[in-house]
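Colleague: Structure file input_31.pdb (PDB, C-alpha atoms) right here:
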```pdb
ATOM      1  CA  MET A1145     -70.015-196.280 107.144
ATOM      2  CA  GLY A1146     -66.650-196.293 105.421
ATOM      3  CA  LEU A1147     -67.045-199.765 104.000
ATOM      4  CA  PRO A1148     -66.707-200.568 100.317
ATOM      5  CA  ALA A1149     -69.960-201.597  98.714
ATOM      6  CA  ILE A1150     -70.632-204.570  96.508
ATOM      7  CA  VAL A1151     -73.906-203.926  94.733
ATOM      8  CA  THR A1152     -75.928-205.483  91.977
ATOM      9  CA  ASP A1153     -76.821-203.473  88.909
ATOM     10  CA  VAL A1154     -80.435-202.846  89.913
ATOM     11  CA  GLY A1155     -82.150-199.672  91.030
ATOM     12  CA  GLY A1156     -79.918-196.680  91.507
ATOM     13  CA  MET A1157     -77.140-198.279  93.505
ATOM     14  CA  ALA A1158     -74.877-198.966  90.542
ATOM     15  CA  GLU A1159     -75.025-195.309  89.494
ATOM     16  CA  VAL A1160     -74.059-194.160  92.985
ATOM     17  CA  VAL A1161     -71.192-196.637  93.171
ATOM     18  CA  ARG A1162     -69.960-195.636  89.688
ATOM     19  CA  LEU A1163     -70.170-191.928  90.467
ATOM     20  CA  ALA A1164     -68.259-192.267  93.703
ATOM     21  CA  GLN A1165     -65.998-195.152  92.708
ATOM     22  CA  ALA A1166     -67.141-196.530  96.035
ATOM     23  CA  GLY A1167     -67.442-200.225  95.394
ATOM     24  CA  LEU A1168     -67.874-203.020  92.951
ATOM     25  CA  ILE A1169     -70.878-203.754  90.760
ATOM     26  CA  VAL A1170     -71.854-207.331  90.007
ATOM     27  CA  SER A1171     -74.597-209.017  88.054
ATOM     28  CA  VAL A1172     -77.716-209.815  90.046
ATOM     29  CA  THR A1173     -77.863-213.268  88.457
ATOM     30  CA  ASP A1174     -74.253-214.359  89.013
ATOM     31  CA  PRO A1175     -73.393-215.637  92.517
ATOM     32  CA  ALA A1176     -69.862-216.506  91.366
ATOM     33  CA  GLU A1177     -69.289-212.871  90.431
ATOM     34  CA  MET A1178     -70.459-211.786  93.895
ATOM     35  CA  THR A1179     -68.116-214.318  95.484
ATOM     36  CA  ALA A1180     -65.213-213.074  93.372
ATOM     37  CA  ALA A1181     -65.939-209.456  94.359
ATOM     38  CA  ILE A1182     -66.004-210.353  98.063
ATOM     39  CA  LEU A1183     -62.743-212.270  97.776
ATOM     40  CA  ARG A1184     -61.158-209.447  95.750
ATOM     41  CA  LEU A1185     -61.868-206.866  98.437
ATOM     42  CA  ALA A1186     -61.009-209.233 101.266
ATOM     43  CA  SER A1187     -57.591-209.876  99.743
ATOM     44  CA  SER A1188     -56.636-206.289  98.877
ATOM     45  CA  ASN A1189     -56.305-203.937 101.822
ATOM     46  CA  GLN A1190     -55.097-201.152  99.526
ATOM     47  CA  GLU A1191     -58.083-201.379  97.156
ATOM     48  CA  CYS A1192     -60.482-201.740 100.065
ATOM     49  CA  ALA A1193     -59.017-198.639 101.755
ATOM     50  CA  GLN A1194     -59.208-196.572  98.548
ATOM     51  CA  ILE A1195     -62.806-197.555  97.877
ATOM     52  CA  SER A1196     -63.687-196.779 101.505
ATOM     53  CA  THR A1197     -62.101-193.329 101.212
ATOM     54  CA  ASN A1198     -64.005-192.702  97.980
ATOM     55  CA  ALA A1199     -67.258-193.700  99.681
ATOM     56  CA  LYS A1200     -66.702-191.329 102.612
ATOM     57  CA  ASP A1201     -65.751-188.472 100.284
ATOM     58  CA  ALA A1202     -68.828-189.045  98.130
ATOM     59  CA  PHE A1203     -71.087-189.085 101.159
ATOM     60  CA  HIS A1204     -69.754-185.742 102.353
ATOM     61  CA  SER A1205     -69.933-184.275  98.832
ATOM     62  CA  TYR A1206     -73.366-185.510  97.754
ATOM     63  CA  PHE A1207     -75.439-187.111 100.483
ATOM     64  CA  THR A1208     -75.377-185.106 103.691
ATOM     65  CA  LEU A1209     -78.736-183.717 104.711
ATOM     66  CA  GLN A1210     -77.687-180.142 103.967
ATOM     67  CA  THR A1211     -76.296-181.051 100.551
ATOM     68  CA  MET A1212     -79.470-182.895  99.628
ATOM     69  CA  VAL A1213     -81.680-180.019 100.790
ATOM     70  CA  ASP A1214     -79.562-177.496  98.867
ATOM     71  CA  THR A1215     -79.663-179.650  95.729
ATOM     72  CA  TYR A1216     -83.444-180.028  95.859
ATOM     73  CA  MET A1217     -83.934-176.322  96.541
ATOM     74  CA  ASP A1218     -81.740-175.460  93.541
ATOM     75  CA  LEU A1219     -83.786-177.842  91.420
ATOM     76  CA  TYR A1220     -87.077-176.313  92.556
ATOM     77  CA  ARG A1221     -85.768-172.785  92.017
ATOM     78  CA  SER A1222     -84.671-173.651  88.484
ATOM     79  CA  SER A1223     -88.039-175.126  87.486
ATOM     80  CA  PRO A1224     -89.846-172.751  85.087
ATOM     81  CA  ARG A1225     -93.220-173.993  86.340
ATOM     82  CA  LEU A1226     -92.385-173.243  89.979
ATOM     83  CA  ARG A1227     -90.857-169.866  89.119
ATOM     84  CA  ALA A1228     -94.071-168.915  87.331
ATOM     85  CA  LEU A1229     -96.147-169.843  90.392
ATOM     86  CA  SER A1230     -94.046-167.733  92.728
ATOM     87  CA  HIS A1231     -94.443-164.532  90.683
TER      88      HIS A1231
END
```
Produce structure tokens that represent the structure in this file.
Modeller:
Amino acid sequence: MGLPAIVTDVGGMAEVVRLAQAGLIVSVTDPAEMTAAILRLASSNQECAQISTNAKDAFHSYFTLQTMVDTYMDLYRSSPRLRALSH
């Protein structure tokens, strides 16, 4: 969506945000840290724009339907177990 993300470090979201440099990661147990992250992005148009650009670029590089299908197909093709079944 082109918006910078503020995520908590649970599940896989933090890894995605780190990989793409597409947002800020805060502790799930610290509301003050979440508030600070919101205020930080709200007060810095330049940082917000850069993070938004990073998020869009990451989406187009890693998360389009075709990219995901290609990645999974490469994974399946590289699996020794699946190669053995196909021969």
Colleague: Select, from A:Asn1189, A:Ser1222, A:Gln1210, A:Asn1198, the residue with the minimum atom-to-atom distance to Leu1163 (chain A), counting all atoms listed in the file.
Modeller: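 The closest residue to Leu1163 (chain A) is A:Asn1198.
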Colleague: Considering all atoms listed in the file, can you say which of A:Cys1192, A:Leu1183, A:Ala1164, A:Val1172 comes closest to His1204 (chain A)?
Modeller: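 When distances to His1204 (chain A) are compared using all atoms listed in the file, the smallest one comes from A:Ala1164.
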Colleague: Considering only C-alpha atoms, tabulate each residue of region 1170-1215 of chain A that lies at most 8 Å from region 1148-1151 of chain A along with its nearest interatomic pair and the corresponding distance in Å to one decimal; arrange the rows by chain and ascending residue number and present them as a Markdown table.
Modeller:
```
| residue | atom | partner | partner_atom | distance |
| --- | --- | --- | --- | --- |
| A:Val1170 | CA | A:Val1151 | CA | 6.2 |
| A:Met1178 | CA | A:Ile1150 | CA | 7.7 |
| A:Ala1181 | CA | A:Ile1150 | CA | 7.1 |
| A:Ile1182 | CA | A:Ile1150 | CA | 7.6 |
| A:Cys1192 | CA | A:Pro1148 | CA | 6.3 |
| A:Ile1195 | CA | A:Pro1148 | CA | 5.5 |
| A:Ser1196 | CA | A:Pro1148 | CA | 5.0 |
| A:Ala1199 | CA | A:Pro1148 | CA | 6.9 |
```
Colleague: When distances are computed from all atoms listed in the file, which of A:Ala1193, A:Ala1202, A:Ala1186, A:Leu1168 shows the smallest separation from Leu1147 (chain A)?
Modeller: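 Checking each candidate against Leu1147 (chain A), we get A:Ala1193 as the closest.
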Colleague: Just to confirm, what's the straight-line distance from CA of Ala1180 (chain A) to CA of Gln1194 (chain A) in Å (one decimal)?
Modeller: 18.3 Å
Colleague: Between CA of Glu1177 (chain A) and CA of Gly1155 (chain A), what is the distance in Å, rounded to a tenth?
Modeller: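 CA of Gly1155 (chain A) lies at a distance of 18.4 Å from CA of Glu1177 (chain A).
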Colleague: What is the CA of Met1212 (chain A) to CA of Val1161 (chain A) distance in Å?
Modeller: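 Taking CA of Met1212 (chain A) as the start and CA of Val1161 (chain A) as the end point, the length is 17.3 Å.
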Colleague: Using all atoms of region 1160-1171 of chain A that appear in the file, construct an axis-aligned enclosing box with 8 Å of padding on every side and provide its centre coordinates and edge lengths in Å, rounded to one decimal, as JSON.
Modeller:
```
{"center_x": -70.3, "center_y": -200.5, "center_z": 92.0, "size_x": 24.6, "size_y": 33.1, "size_z": 24.0}
```
